[in-house]
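Asker: Here you go, start_2.cif (mmCIF, C-alpha atoms (C1' of nucleotides)):
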data_model
loop_
_atom_site.label_atom_id
_atom_site.label_comp_id
_atom_site.auth_asym_id
_atom_site.auth_seq_id
_atom_site.Cartn_x
_atom_site.Cartn_y
_atom_site.Cartn_z
CA MET A 25 0.00 0.00 0.00
CA GLY A 26 2.07 2.96 -1.15
CA ASP A 27 0.88 5.56 1.28
CA ASP A 28 3.73 7.90 0.65
CA GLU A 29 1.52 10.85 -0.03
CA VAL A 30 -0.57 11.21 3.08
CA ARG A 31 -2.25 14.57 3.38
CA TRP A 32 -1.69 15.20 7.07
CA LEU A 33 -3.87 17.65 8.89
CA LYS A 34 -2.72 21.23 9.01
CA PRO A 35 -2.66 22.86 12.46
CA ASP A 36 -6.01 24.60 12.17
CA GLU A 37 -7.59 21.49 10.67
CA LEU A 38 -6.22 19.45 13.53
CA GLN A 39 -7.55 21.88 16.11
CA ALA A 40 -11.02 21.86 14.61
CA TRP A 41 -10.97 18.09 14.46
CA MET A 42 -9.80 17.68 18.04
CA THR A 43 -12.58 19.98 19.17
CA LEU A 44 -15.13 17.91 17.28
CA ALA A 45 -13.63 14.73 18.70
CA GLY A 46 -13.94 16.13 22.20
CA LEU A 47 -17.52 17.02 21.50
CA MET A 48 -18.32 13.52 20.32
CA PHE A 49 -16.88 12.06 23.48
CA LYS A 50 -18.26 14.43 26.07
CA LEU A 51 -21.64 15.63 24.88
CA PRO A 52 -23.27 12.18 24.67
CA ALA A 53 -21.83 11.29 28.06
CA ALA A 54 -23.16 14.47 29.61
CA LEU A 55 -26.63 13.92 28.18
CA ASP A 56 -26.72 10.35 29.39
CA VAL A 57 -25.67 11.40 32.86
CA GLN A 58 -28.56 13.82 33.20
CA LEU A 59 -31.19 11.50 31.76
CA GLN A 60 -29.95 8.51 33.72
CA ARG A 61 -29.82 10.40 36.99
CA ASP A 62 -33.15 12.20 36.69
CA SER A 63 -35.21 9.68 34.75
CA GLY A 64 -33.42 6.35 34.60
CA LEU A 65 -33.33 6.52 30.84
CA THR A 66 -30.55 6.37 28.27
CA HIS A 67 -30.47 9.00 25.56
CA PHE A 68 -31.12 6.21 23.10
CA GLU A 69 -34.06 4.93 25.14
CA TYR A 70 -35.40 8.47 25.30
CA LEU A 71 -35.22 8.77 21.53
CA VAL A 72 -37.07 5.48 21.17
CA LEU A 73 -39.91 6.64 23.41
CA ALA A 74 -39.97 10.03 21.71
CA GLY A 75 -40.03 8.44 18.27
CA LEU A 76 -43.02 6.36 19.23
CA SER A 77 -44.87 9.21 20.91
CA GLU A 78 -44.90 11.34 17.80
CA SER A 79 -46.09 8.56 15.51
CA PRO A 80 -49.72 7.81 14.63
CA GLU A 81 -51.20 5.37 17.13
CA ARG A 82 -47.94 5.80 19.03
CA SER A 83 -46.78 2.86 16.97
CA ARG A 84 -43.96 2.27 14.55
CA PRO A 85 -42.20 -0.66 12.89
CA MET A 86 -38.91 -1.60 14.46
CA SER A 87 -36.78 -0.80 11.38
CA ASP A 88 -38.36 2.58 11.04
CA LEU A 89 -37.76 3.30 14.70
CA ALA A 90 -34.15 2.16 14.47
CA GLY A 91 -33.52 4.64 11.69
CA PHE A 92 -35.11 7.45 13.66
CA ALA A 93 -33.05 6.71 16.75
CA ASN A 94 -29.82 6.31 14.77
CA GLY A 95 -29.18 2.77 15.92
CA SER A 96 -28.89 -0.73 14.53
CA LEU A 97 -31.89 -3.02 14.47
CA SER A 98 -30.10 -5.36 16.82
CA ARG A 99 -29.48 -2.63 19.35
CA LEU A 100 -33.07 -1.53 19.14
CA SER A 101 -34.32 -5.05 19.63
CA HIS A 102 -32.37 -5.42 22.87
CA VAL A 103 -33.44 -2.02 24.12
CA VAL A 104 -37.11 -2.53 23.28
CA LYS A 105 -37.05 -5.84 25.07
CA ARG A 106 -35.92 -4.08 28.24
CA LEU A 107 -38.43 -1.27 27.75
CA GLU A 108 -41.13 -3.88 27.31
CA GLN A 109 -40.11 -5.57 30.56
CA ARG A 110 -40.40 -2.19 32.26
CA GLY A 111 -43.88 -1.80 30.81
CA PHE A 112 -43.14 1.20 28.58
CA VAL A 113 -43.56 -0.49 25.22
CA ARG A 114 -45.55 -3.33 23.65
CA ARG A 115 -44.62 -5.37 20.61
CA CYS A 116 -46.88 -7.21 18.21
CA PRO A 117 -46.45 -8.52 14.68
CA SER A 118 -48.05 -6.49 11.92
CA PRO A 119 -51.21 -8.05 10.51
CA ALA A 120 -50.34 -6.69 7.07
CA ASP A 121 -46.82 -8.11 6.85
CA GLY A 122 -45.87 -10.91 9.20
CA ARG A 123 -42.19 -9.99 9.07
CA ILE A 124 -42.78 -6.57 10.60
CA THR A 125 -42.91 -6.04 14.34
CA VAL A 126 -44.78 -2.95 15.43
CA ALA A 127 -43.68 -1.31 18.67
CA THR A 128 -46.31 0.66 20.59
CA LEU A 129 -45.85 3.14 23.40
CA THR A 130 -47.95 2.26 26.45
CA ASP A 131 -49.60 4.82 28.73
CA ALA A 132 -46.91 4.16 31.30
CA GLY A 133 -44.27 4.75 28.67
CA TYR A 134 -45.92 8.01 27.68
CA GLU A 135 -45.98 9.12 31.30
CA GLU A 136 -42.32 8.29 31.61
CA LEU A 137 -41.49 10.32 28.53
CA VAL A 138 -43.54 13.28 29.70
CA ALA A 139 -41.76 13.17 33.03
CA ALA A 140 -38.33 13.01 31.43
CA ALA A 141 -38.81 15.55 28.66
CA PRO A 142 -38.56 18.86 30.54
CA GLY A 143 -35.25 17.98 32.16
CA HIS A 144 -33.83 16.64 28.94
CA VAL A 145 -34.91 19.65 26.91
CA ALA A 146 -33.48 21.95 29.55
CA THR A 147 -30.17 20.14 29.30
CA VAL A 148 -30.10 20.35 25.53
CA ARG A 149 -30.81 24.06 25.82
CA GLN A 150 -28.13 24.57 28.41
CA TYR A 151 -25.41 22.68 26.58
CA VAL A 152 -26.23 23.46 22.97
CA ILE A 153 -29.01 25.83 22.03
CA ASP A 154 -28.37 28.59 24.53
CA ALA A 155 -24.62 28.30 24.04
CA LEU A 156 -24.98 29.40 20.43
CA THR A 157 -26.39 32.30 18.49
CA PRO A 158 -29.26 31.57 16.11
CA GLU A 159 -26.84 32.03 13.25
CA GLN A 160 -24.41 29.53 14.73
CA LEU A 161 -27.25 27.08 15.21
CA SER A 162 -28.06 27.30 11.55
CA GLN A 163 -24.38 26.90 10.65
CA LEU A 164 -24.27 23.84 12.88
CA LYS A 165 -27.18 22.24 11.11
CA THR A 166 -25.62 22.86 7.71
CA ILE A 167 -22.23 21.54 8.80
CA GLY A 168 -23.73 18.52 10.50
CA ASP A 169 -25.82 17.62 7.48
CA GLN A 170 -22.81 17.83 5.21
CA ILE A 171 -20.75 15.55 7.44
CA LEU A 172 -23.62 13.11 7.85
CA GLN A 173 -24.01 12.88 4.12
CA LYS A 174 -20.41 11.70 3.84
CA VAL A 175 -20.62 9.36 6.82
CA ASP A 176 -23.95 7.83 6.00
CA PRO A 177 -24.95 8.48 2.41
CA GLY A 178 -28.40 7.22 1.60
CA ARG A 179 -30.18 8.01 4.79
CA ALA A 180 -33.39 9.73 3.75
CA CYS A 181 -32.85 9.47 -0.02
CA MET B 8 -40.74 20.79 40.87
CA GLY B 9 -42.99 23.30 39.14
CA ASP B 10 -41.91 22.78 35.58
CA ASP B 11 -44.88 24.51 34.11
CA GLU B 12 -42.80 26.81 32.01
CA VAL B 13 -40.71 24.50 29.87
CA ARG B 14 -39.07 26.25 26.95
CA TRP B 15 -39.62 23.60 24.32
CA LEU B 16 -37.48 23.58 21.23
CA LYS B 17 -38.71 25.55 18.26
CA PRO B 18 -38.76 23.70 14.93
CA ASP B 19 -35.44 25.00 13.65
CA GLU B 20 -33.82 24.44 17.04
CA LEU B 21 -35.13 20.91 17.02
CA GLN B 22 -33.83 20.25 13.55
CA ALA B 23 -30.37 21.52 14.39
CA TRP B 24 -30.36 19.43 17.55
CA MET B 25 -31.48 16.27 15.79
CA THR B 26 -28.73 16.75 13.25
CA LEU B 27 -26.16 17.12 16.00
CA ALA B 28 -27.58 14.08 17.78
CA GLY B 29 -27.29 12.06 14.59
CA LEU B 30 -23.72 13.22 14.24
CA MET B 31 -22.86 12.16 17.77
CA PHE B 32 -24.23 8.70 17.12
CA LYS B 33 -22.86 8.01 13.68
CA LEU B 34 -19.52 9.73 13.36
CA PRO B 35 -17.84 7.92 16.27
CA ALA B 36 -19.24 4.63 15.02
CA ALA B 37 -17.93 5.25 11.51
CA LEU B 38 -14.48 6.16 12.78
CA ASP B 39 -14.31 3.10 14.99
CA VAL B 40 -15.36 0.86 12.12
CA GLN B 41 -12.49 2.06 9.92
CA LEU B 42 -9.84 1.93 12.64
CA GLN B 43 -11.02 -1.42 13.93
CA ARG B 44 -11.13 -3.00 10.50
CA ASP B 45 -7.84 -1.63 9.18
CA SER B 46 -5.75 -1.49 12.34
CA GLY B 47 -7.49 -3.35 15.15
CA LEU B 48 -7.63 -0.19 17.21
CA THR B 49 -10.43 1.76 18.84
CA HIS B 50 -10.59 5.49 18.28
CA PHE B 51 -9.92 5.88 21.97
CA GLU B 52 -6.92 3.54 21.80
CA TYR B 53 -5.65 5.50 18.82
CA LEU B 54 -5.89 8.73 20.77
CA VAL B 55 -3.99 7.16 23.63
CA LEU B 56 -1.14 6.07 21.37
CA ALA B 57 -1.17 9.43 19.59
CA GLY B 58 -1.14 11.29 22.88
CA LEU B 59 1.92 9.37 23.99
CA SER B 60 3.74 9.72 20.68
CA GLU B 61 3.68 13.49 20.76
CA SER B 62 4.91 13.74 24.33
CA PRO B 63 8.54 14.10 25.42
CA GLU B 64 10.09 10.67 25.92
CA ARG B 65 6.85 9.33 24.50
CA SER B 66 5.71 9.26 28.11
CA ARG B 67 2.89 10.83 30.03
CA PRO B 68 1.16 10.44 33.39
CA MET B 69 -2.10 8.55 33.29
CA SER B 70 -4.27 11.46 34.43
CA ASP B 71 -2.76 13.75 31.86
CA LEU B 72 -3.34 11.16 29.16
CA ALA B 73 -6.92 10.62 30.26
CA GLY B 74 -7.62 14.31 29.87
CA PHE B 75 -6.06 14.37 26.43
CA ALA B 76 -8.06 11.37 25.25
CA ASN B 77 -11.31 12.68 26.75
CA GLY B 78 -11.87 9.67 28.96
CA SER B 79 -12.11 8.76 32.61
CA LEU B 80 -9.09 7.54 34.49
CA SER B 81 -10.77 4.22 35.04
CA ARG B 82 -11.43 3.74 31.37
CA LEU B 83 -7.86 4.65 30.53
CA SER B 84 -6.53 2.22 33.12
CA HIS B 85 -8.42 -0.68 31.55
CA VAL B 86 -7.40 0.31 28.04
CA VAL B 87 -3.75 0.78 28.91
CA LYS B 88 -3.71 -2.60 30.58
CA ARG B 89 -4.83 -4.18 27.30
CA LEU B 90 -2.40 -2.08 25.28
CA GLU B 91 0.35 -3.20 27.65
CA GLN B 92 -0.58 -6.83 27.13
CA ARG B 93 -0.35 -6.25 23.40
CA GLY B 94 3.11 -4.76 23.89
CA PHE B 95 2.28 -1.24 22.75
CA VAL B 96 2.69 0.53 26.06
CA ARG B 97 4.72 0.20 29.26
CA ARG B 98 3.78 1.48 32.70
CA CYS B 99 6.03 2.41 35.58
CA PRO B 100 5.59 4.51 38.70
CA SER B 101 7.11 7.97 38.60
CA PRO B 102 10.32 8.30 40.63
CA ALA B 103 9.38 11.88 41.52
CA ASP B 104 5.89 11.14 42.86
CA GLY B 105 5.06 7.57 43.78
CA ARG B 106 1.35 8.09 43.17
CA ILE B 107 1.85 8.89 39.52
CA THR B 108 2.02 6.17 36.89
CA VAL B 109 3.69 7.21 33.67
CA ALA B 110 2.72 5.37 30.52
CA THR B 111 5.34 5.01 27.80
CA LEU B 112 4.88 4.16 24.15
CA THR B 113 7.03 1.21 23.08
CA ASP B 114 8.65 0.91 19.67
CA ALA B 115 6.02 -1.65 18.73
CA GLY B 116 3.33 0.78 19.80
CA TYR B 117 4.90 3.51 17.72
CA GLU B 118 5.00 1.21 14.70
CA GLU B 119 1.35 0.40 15.23
CA LEU B 120 0.45 4.07 15.39
CA VAL B 121 2.46 4.88 12.28
CA ALA B 122 0.72 2.08 10.44
CA ALA B 123 -2.72 3.22 11.53
CA ALA B 124 -2.33 6.95 11.09
CA PRO B 125 -2.62 7.36 7.31
CA GLY B 126 -5.89 5.46 7.10
CA HIS B 127 -7.32 7.27 10.07
CA VAL B 128 -6.32 10.70 8.81
CA ALA B 129 -7.76 9.86 5.41
CA THR B 130 -11.05 8.93 7.05
CA VAL B 131 -11.15 12.12 9.08
CA ARG B 132 -10.50 14.06 5.90
CA GLN B 133 -13.16 12.20 3.98
CA TYR B 134 -15.87 12.54 6.61
CA VAL B 135 -15.11 15.94 8.07
CA ILE B 136 -12.38 18.14 6.68
CA ASP B 137 -13.05 17.70 2.98
CA ALA B 138 -16.80 17.87 3.54
CA LEU B 139 -16.50 21.45 4.74
CA THR B 140 -15.15 24.75 3.51
CA PRO B 141 -12.27 26.31 5.46
CA GLU B 142 -14.74 28.85 6.78
CA GLN B 143 -17.11 26.16 7.97
CA LEU B 144 -14.23 24.38 9.63
CA SER B 145 -13.44 27.50 11.60
CA GLN B 146 -17.12 27.93 12.47
CA LEU B 147 -17.18 24.34 13.66
CA LYS B 148 -14.24 24.89 15.98
CA THR B 149 -15.84 27.99 17.47
CA ILE B 150 -19.19 26.27 17.93
CA GLY B 151 -17.63 23.14 19.38
CA ASP B 152 -15.56 25.10 21.85
CA GLN B 153 -18.60 27.03 23.04
CA ILE B 154 -20.58 23.85 23.61
CA LEU B 155 -17.67 22.14 25.31
CA GLN B 156 -17.31 25.06 27.67
CA LYS B 157 -20.89 24.52 28.83
CA VAL B 158 -20.61 20.75 28.98
CA ASP B 159 -17.26 20.59 30.69
CA PRO B 160 -16.32 23.91 32.23
CA GLY B 161 -12.86 23.89 33.70
CA ARG B 162 -11.06 21.80 31.15
CA ALA B 163 -7.96 23.78 30.27
CA CYS B 164 -8.59 26.69 32.66
"C1'" DA C 22 6.32 13.84 64.02
"C1'" DC C 23 1.93 11.80 63.67
"C1'" DG C 24 -2.81 11.28 62.25
"C1'" DA C 25 -6.14 12.72 58.85
"C1'" DT C 26 -7.23 14.02 54.36
"C1'" DT C 27 -6.54 14.28 49.52
"C1'" DA C 28 -4.68 12.83 44.99
"C1'" DG C 29 -3.48 9.23 41.51
"C1'" DG C 30 -4.54 4.59 39.99
"C1'" DT C 31 -6.33 0.07 39.97
"C1'" DT C 32 -9.73 -3.53 40.22
"C1'" DG C 33 -14.14 -6.36 39.82
"C1'" DA C 34 -19.03 -6.53 38.98
"C1'" DT C 35 -22.61 -5.02 36.17
"C1'" DG C 36 -24.88 -3.49 31.99
"C1'" DC C 37 -25.03 -2.19 27.37
"C1'" DG C 38 -23.58 -2.50 22.14
"C1'" DT C 39 -21.82 -5.26 18.39
"C1'" DC C 40 -21.34 -9.05 15.63
"C1'" DA C 41 -22.59 -13.31 13.58
"C1'" DA C 42 -25.82 -16.86 13.34
"C1'" DC C 43 -30.40 -17.94 13.10
"C1'" DT C 44 -35.73 -17.97 12.47
"C1'" DG C 45 -39.92 -16.87 9.85
"C1'" DA C 46 -42.35 -14.50 6.45
"C1'" DT C 47 -42.70 -12.55 1.67
"C1'" DG C 48 -41.96 -12.03 -3.18
"C1'" DG C 49 -40.18 -13.51 -7.38
"C1'" DT C 50 -38.92 -17.38 -10.83
"C1'" DT C 51 -39.39 -21.23 -13.45
"C1'" DA D 1 -46.69 -25.31 -7.13
"C1'" DA D 2 -42.10 -25.59 -5.44
"C1'" DC D 3 -37.96 -23.16 -4.74
"C1'" DC D 4 -34.72 -19.56 -3.78
"C1'" DA D 5 -33.46 -15.10 -2.35
"C1'" DT D 6 -34.40 -11.38 0.42
"C1'" DC D 7 -36.27 -8.87 4.21
"C1'" DA D 8 -37.51 -7.98 9.29
"C1'" DG D 9 -36.39 -9.21 13.51
"C1'" DT D 10 -34.41 -11.90 17.43
"C1'" DT D 11 -30.93 -14.12 20.12
"C1'" DG D 12 -26.41 -15.33 22.59
"C1'" DA D 13 -21.65 -14.64 23.12
"C1'" DC D 14 -18.15 -11.50 23.59
"C1'" DG D 15 -15.87 -6.96 24.49
"C1'" DC D 16 -15.78 -2.58 26.37
"C1'" DA D 17 -17.33 1.43 29.62
"C1'" DT D 18 -19.05 2.71 34.05
"C1'" DC D 19 -19.42 2.78 38.79
"C1'" DA D 20 -18.12 2.02 43.37
"C1'" DA D 21 -14.83 0.23 46.42
"C1'" DC D 22 -10.33 0.04 47.38
"C1'" DC D 23 -5.16 0.91 47.83
"C1'" DT D 24 -0.98 3.51 48.33
"C1'" DA D 25 1.66 7.74 48.30
"C1'" DA D 26 1.89 12.50 49.38
"C1'" DT D 27 0.40 16.58 51.87
"C1'" DC D 28 -1.78 19.23 55.43
"C1'" DG D 29 -2.70 20.51 60.21
"C1'" DT D 30 -1.39 20.73 64.75
#
Do you think you could lay out the structure here as structure tokens?
Answerer:
Amino acid sequence: MGDDEVRWLKPDELQAWMTLAGLMFKLPAALDVQLQRDSGLTHFEYLVLAGLSESPERSRPMSDLAGFANGSLSRLSHVVKRLEQRGFVRRCPSPADGRITVATLTDAGYEELVAAAPGHVATVRQYVIDALTPEQLSQLKTIGDQILQKVDPGRAC
Amino acid sequence: MGDDEVRWLKPDELQAWMTLAGLMFKLPAALDVQLQRDSGLTHFEYLVLAGLSESPERSRPMSDLAGFANGSLSRLSHVVKRLEQRGFVRRCPSPADGRITVATLTDAGYEELVAAAPGHVATVRQYVIDALTPEQLSQLKTIGDQILQKVDPGRAC
DNA sequence: ACGATTAGGTTGATGCGTCAACTGATGGTT
DNA sequence: AACCATCAGTTGACGCATCAACCTAATCGT
């Protein structure tokens, strides 16, 4: 593998990258800490409940839900099993297509989400939204979308 | 807890946040996939080796290294133990202060890092640097630093 | 100088995520 | 109609991160 011509990162590129790397390590951890402490939920679990709550019938196929929550189907399956054991979610096969499993948010799950939401939203505001100007927020969305397109082309074609 | 006055996210705030959330989930995963497949290293392990390589004597106290790699001391301890078993790192107590353990990069560890670096840098370029304009890169650094200051105040006082 | 407190690291148990293998259902082919 | 390939989802084993408990060395107070 003749890798003689590596384009190393220039100082300012390196700095920007290290900042982003730090962000990727610390922001998820900080969000999980708050949610776990105040609500006993993971950020991923929160996204699952939220994804169900905003769907018609509070129901959604597993694959669909996995895409929304940015996780693999396998991960979702494990998580939903635990959420089901806690009484927050139900699962039943779709009558239309026997391969599809539809997850449904229970009343208890909805209560849990409603209880967790204010604290979570406040944290997101504190760490992200209120730390930036509206213009920066819009820059962030543009930048994030561009990176995501490279990382994961073909999400939402 | 009278949380009657929750400041929910406005649509554009929500969109920006969901983009950032997607980024936090997918970018680390994508980086780990490349490093793991091509070099058998985690991104965190890579940062540990890199942090040692750029230090005088290729050595650094554990706490210092943990801060550089954005991880807890406990996590670093486990990881360094594995890296030591693989022959990439040595550990010995500091003669100056018996509490301190200094980790040292071995020649084998340096070789490993040198072998992994080009592929990793190319991936970072592909996913991040080359996806953005120089101006966006500078915006990203500013934005990331502002968020990090909220998330983790008192890193690099 | 001696006891208490703090700082730096390590360890073991627990829980979650990933991967590969597998099951069942559906659609297409001949 | 029988078969094969594909799709949706589940499961179990394995590896890593987290947390709490613990240990030793250094420092502080008196």
Asker: Quick one: chain A onto chain B, least squares on all Cα paired in order, result as a compact mmCIF listing (two decimals) with C-alpha atoms, keeping the file's coordinate frame?
Answerer:
# COMPACT_ATOMS: atom_id res chain seq x y z
CA MET A 25 -41.10 20.51 40.79
CA GLY A 26 -43.24 23.13 39.07
CA ASP A 27 -42.08 22.69 35.53
CA ASP A 28 -44.98 24.51 34.02
CA GLU A 29 -42.83 26.81 31.99
CA VAL A 30 -40.72 24.53 29.87
CA ARG A 31 -39.10 26.27 26.94
CA TRP A 32 -39.64 23.62 24.29
CA LEU A 33 -37.49 23.61 21.22
CA LYS A 34 -38.71 25.57 18.25
CA PRO A 35 -38.77 23.71 14.92
CA ASP A 36 -35.46 25.02 13.63
CA GLU A 37 -33.83 24.46 17.02
CA LEU A 38 -35.14 20.92 17.03
CA GLN A 39 -33.83 20.26 13.54
CA ALA A 40 -30.37 21.53 14.39
CA TRP A 41 -30.35 19.46 17.55
CA MET A 42 -31.48 16.29 15.81
CA THR A 43 -28.74 16.76 13.26
CA LEU A 44 -26.17 17.14 16.01
CA ALA A 45 -27.59 14.11 17.79
CA GLY A 46 -27.28 12.08 14.61
CA LEU A 47 -23.72 13.24 14.26
CA MET A 48 -22.86 12.18 17.78
CA PHE A 49 -24.25 8.73 17.15
CA LYS A 50 -22.89 8.03 13.70
CA LEU A 51 -19.54 9.75 13.38
CA PRO A 52 -17.85 7.95 16.29
CA ALA A 53 -19.24 4.65 15.06
CA ALA A 54 -17.96 5.26 11.56
CA LEU A 55 -14.49 6.17 12.80
CA ASP A 56 -14.32 3.11 15.00
CA VAL A 57 -15.36 0.88 12.14
CA GLN A 58 -12.52 2.06 9.94
CA LEU A 59 -9.85 1.93 12.64
CA GLN A 60 -11.02 -1.42 13.95
CA ARG A 61 -11.16 -2.99 10.51
CA ASP A 62 -7.86 -1.63 9.19
CA SER A 63 -5.77 -1.48 12.34
CA GLY A 64 -7.50 -3.33 15.16
CA LEU A 65 -7.63 -0.17 17.21
CA THR A 66 -10.43 1.78 18.85
CA HIS A 67 -10.58 5.51 18.29
CA PHE A 68 -9.90 5.91 21.98
CA GLU A 69 -6.92 3.56 21.81
CA TYR A 70 -5.64 5.51 18.82
CA LEU A 71 -5.86 8.75 20.77
CA VAL A 72 -3.95 7.16 23.63
CA LEU A 73 -1.12 6.07 21.36
CA ALA A 74 -1.14 9.42 19.59
CA GLY A 75 -1.08 11.30 22.88
CA LEU A 76 1.96 9.36 23.98
CA SER A 77 3.77 9.69 20.67
CA GLU A 78 3.73 13.46 20.74
CA SER A 79 4.95 13.73 24.32
CA PRO A 80 8.59 14.07 25.41
CA GLU A 81 10.14 10.65 25.92
CA ARG A 82 6.89 9.29 24.50
CA SER A 83 5.77 9.24 28.10
CA ARG A 84 2.94 10.81 30.02
CA PRO A 85 1.22 10.43 33.39
CA MET A 86 -2.04 8.54 33.28
CA SER A 87 -4.21 11.47 34.44
CA ASP A 88 -2.70 13.74 31.87
CA LEU A 89 -3.28 11.17 29.16
CA ALA A 90 -6.87 10.63 30.26
CA GLY A 91 -7.57 14.32 29.86
CA PHE A 92 -6.02 14.38 26.42
CA ALA A 93 -8.04 11.40 25.24
CA ASN A 94 -11.28 12.72 26.75
CA GLY A 95 -11.84 9.71 28.97
CA SER A 96 -12.07 8.81 32.63
CA LEU A 97 -9.03 7.58 34.50
CA SER A 98 -10.75 4.27 35.06
CA ARG A 99 -11.40 3.79 31.37
CA LEU A 100 -7.84 4.67 30.56
CA SER A 101 -6.51 2.25 33.13
CA HIS A 102 -8.43 -0.64 31.56
CA VAL A 103 -7.41 0.34 28.06
CA VAL A 104 -3.74 0.79 28.92
CA LYS A 105 -3.72 -2.59 30.58
CA ARG A 106 -4.86 -4.17 27.31
CA LEU A 107 -2.40 -2.09 25.29
CA GLU A 108 0.34 -3.20 27.64
CA GLN A 109 -0.62 -6.84 27.13
CA ARG A 110 -0.38 -6.26 23.39
CA GLY A 111 3.08 -4.78 23.88
CA PHE A 112 2.26 -1.24 22.75
CA VAL A 113 2.69 0.52 26.07
CA ARG A 114 4.72 0.18 29.27
CA ARG A 115 3.80 1.45 32.71
CA CYS A 116 6.07 2.38 35.58
CA PRO A 117 5.64 4.48 38.70
CA SER A 118 7.17 7.94 38.63
CA PRO A 119 10.35 8.24 40.69
CA ALA A 120 9.42 11.81 41.59
CA ASP A 121 5.93 11.10 42.91
CA GLY A 122 5.05 7.54 43.83
CA ARG A 123 1.35 8.11 43.20
CA ILE A 124 1.89 8.87 39.52
CA THR A 125 2.05 6.14 36.92
CA VAL A 126 3.87 7.08 33.75
CA ALA A 127 2.76 5.37 30.54
CA THR A 128 5.37 5.01 27.80
CA LEU A 129 4.89 4.15 24.15
CA THR A 130 7.03 1.20 23.07
CA ASP A 131 8.65 0.86 19.64
CA ALA A 132 6.00 -1.66 18.72
CA GLY A 133 3.33 0.77 19.79
CA TYR A 134 4.90 3.50 17.70
CA GLU A 135 4.97 1.20 14.69
CA GLU A 136 1.33 0.40 15.22
CA LEU A 137 0.44 4.07 15.37
CA VAL A 138 2.44 4.87 12.26
CA ALA A 139 0.69 2.07 10.43
CA ALA A 140 -2.75 3.21 11.53
CA ALA A 141 -2.34 6.95 11.07
CA PRO A 142 -2.64 7.34 7.29
CA GLY A 143 -5.92 5.45 7.09
CA HIS A 144 -7.34 7.26 10.07
CA VAL A 145 -6.34 10.68 8.79
CA ALA A 146 -7.79 9.85 5.40
CA THR A 147 -11.06 8.94 7.05
CA VAL A 148 -11.17 12.13 9.07
CA ARG A 149 -10.53 14.06 5.88
CA GLN A 150 -13.20 12.20 3.99
CA TYR A 151 -15.90 12.54 6.62
CA VAL A 152 -15.12 15.94 8.07
CA ILE A 153 -12.40 18.14 6.66
CA ASP A 154 -13.07 17.69 2.97
CA ALA A 155 -16.82 17.85 3.53
CA LEU A 156 -16.51 21.44 4.73
CA THR A 157 -15.18 24.73 3.48
CA PRO A 158 -12.31 26.29 5.43
CA GLU A 159 -14.77 28.84 6.74
CA GLN A 160 -17.14 26.14 7.94
CA LEU A 161 -14.24 24.38 9.63
CA SER A 162 -13.47 27.50 11.57
CA GLN A 163 -17.15 27.93 12.45
CA LEU A 164 -17.18 24.34 13.65
CA LYS A 165 -14.26 24.90 15.95
CA THR A 166 -15.86 28.00 17.44
CA ILE A 167 -19.21 26.28 17.91
CA GLY A 168 -17.64 23.17 19.37
CA ASP A 169 -15.56 25.15 21.83
CA GLN A 170 -18.59 27.06 23.01
CA ILE A 171 -20.59 23.88 23.59
CA LEU A 172 -17.67 22.18 25.31
CA GLN A 173 -17.31 25.09 27.66
CA LYS A 174 -20.89 24.57 28.82
CA VAL A 175 -20.61 20.79 28.99
CA ASP A 176 -17.25 20.63 30.68
CA PRO A 177 -16.30 23.94 32.22
CA GLY A 178 -12.83 23.94 33.68
CA ARG A 179 -11.04 21.83 31.17
CA ALA A 180 -7.87 23.74 30.34
CA CYS A 181 -8.44 26.64 32.75
Asker: Once 6 Å is added on each side, what centre and edge lengths in Å to one decimal does the axis-aligned box around all listed atoms of region 29-46 of chain C have, as AutoDock Vina command-line options?
Answerer:
--center_x -22.9 --center_y -4.4 --center_z 24.0 --size_x 50.9 --size_y 39.2 --size_z 47.1
Asker: Quick one: which chain C residues come within 12 Å of chain A, and what is the nearest atom pair for each with the distance in Å to one decimal, counting all atoms listed in the file, rows ordered by chain and ascending number, as a tab-separated table?
Answerer:
residue	atom	partner	partner_atom	distance
C:DG36	C1'	A:Arg106	CA	11.7
C:DC37	C1'	A:Val103	CA	9.0
C:DG38	C1'	A:Arg99	CA	6.5
C:DT39	C1'	A:Arg99	CA	8.2
C:DC40	C1'	A:Ser98	CA	9.6
C:DA41	C1'	A:Ser98	CA	11.4
C:DT44	C1'	A:Arg123	CA	10.8
C:DG45	C1'	A:Arg123	CA	7.3
C:DA46	C1'	A:Arg123	CA	5.2
C:DT47	C1'	A:Arg123	CA	7.8
C:DG48	C1'	A:Asp121	CA	11.8
Asker: Could you check how far CA of Leu144 (chain B) sits from CA of Ala28 (chain B), in Å to one decimal?
Answerer: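 Going from CA of Leu144 (chain B) over to CA of Ala28 (chain B) covers 18.7 Å.
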Asker: Carefully work through the PyMOL selection byres ((chain B and resi 156) around 12) for this structure and note down the residues it includes, as a ChimeraX atom specification.
Answerer: /A:43,46-47,50-51,150-152,155-156 /B:149-155,157-164
Asker: Evaluate the PyMOL selection byres ((chain A and resi 33-39) around 10) on the structure here and hand back the selected residues as number ranges by chain.
Answerer: A: 30-32, 40-45; B: 128-129, 131-132, 135-136, 141, 144-145, 148
Asker: At a cut-off of 9 Å, list the chain D residues touching chain A, using all atoms listed in the file, as a list in words.
Answerer: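 In the required form, that comes to DC7, DA8, DG9 and DT10 of chain D.
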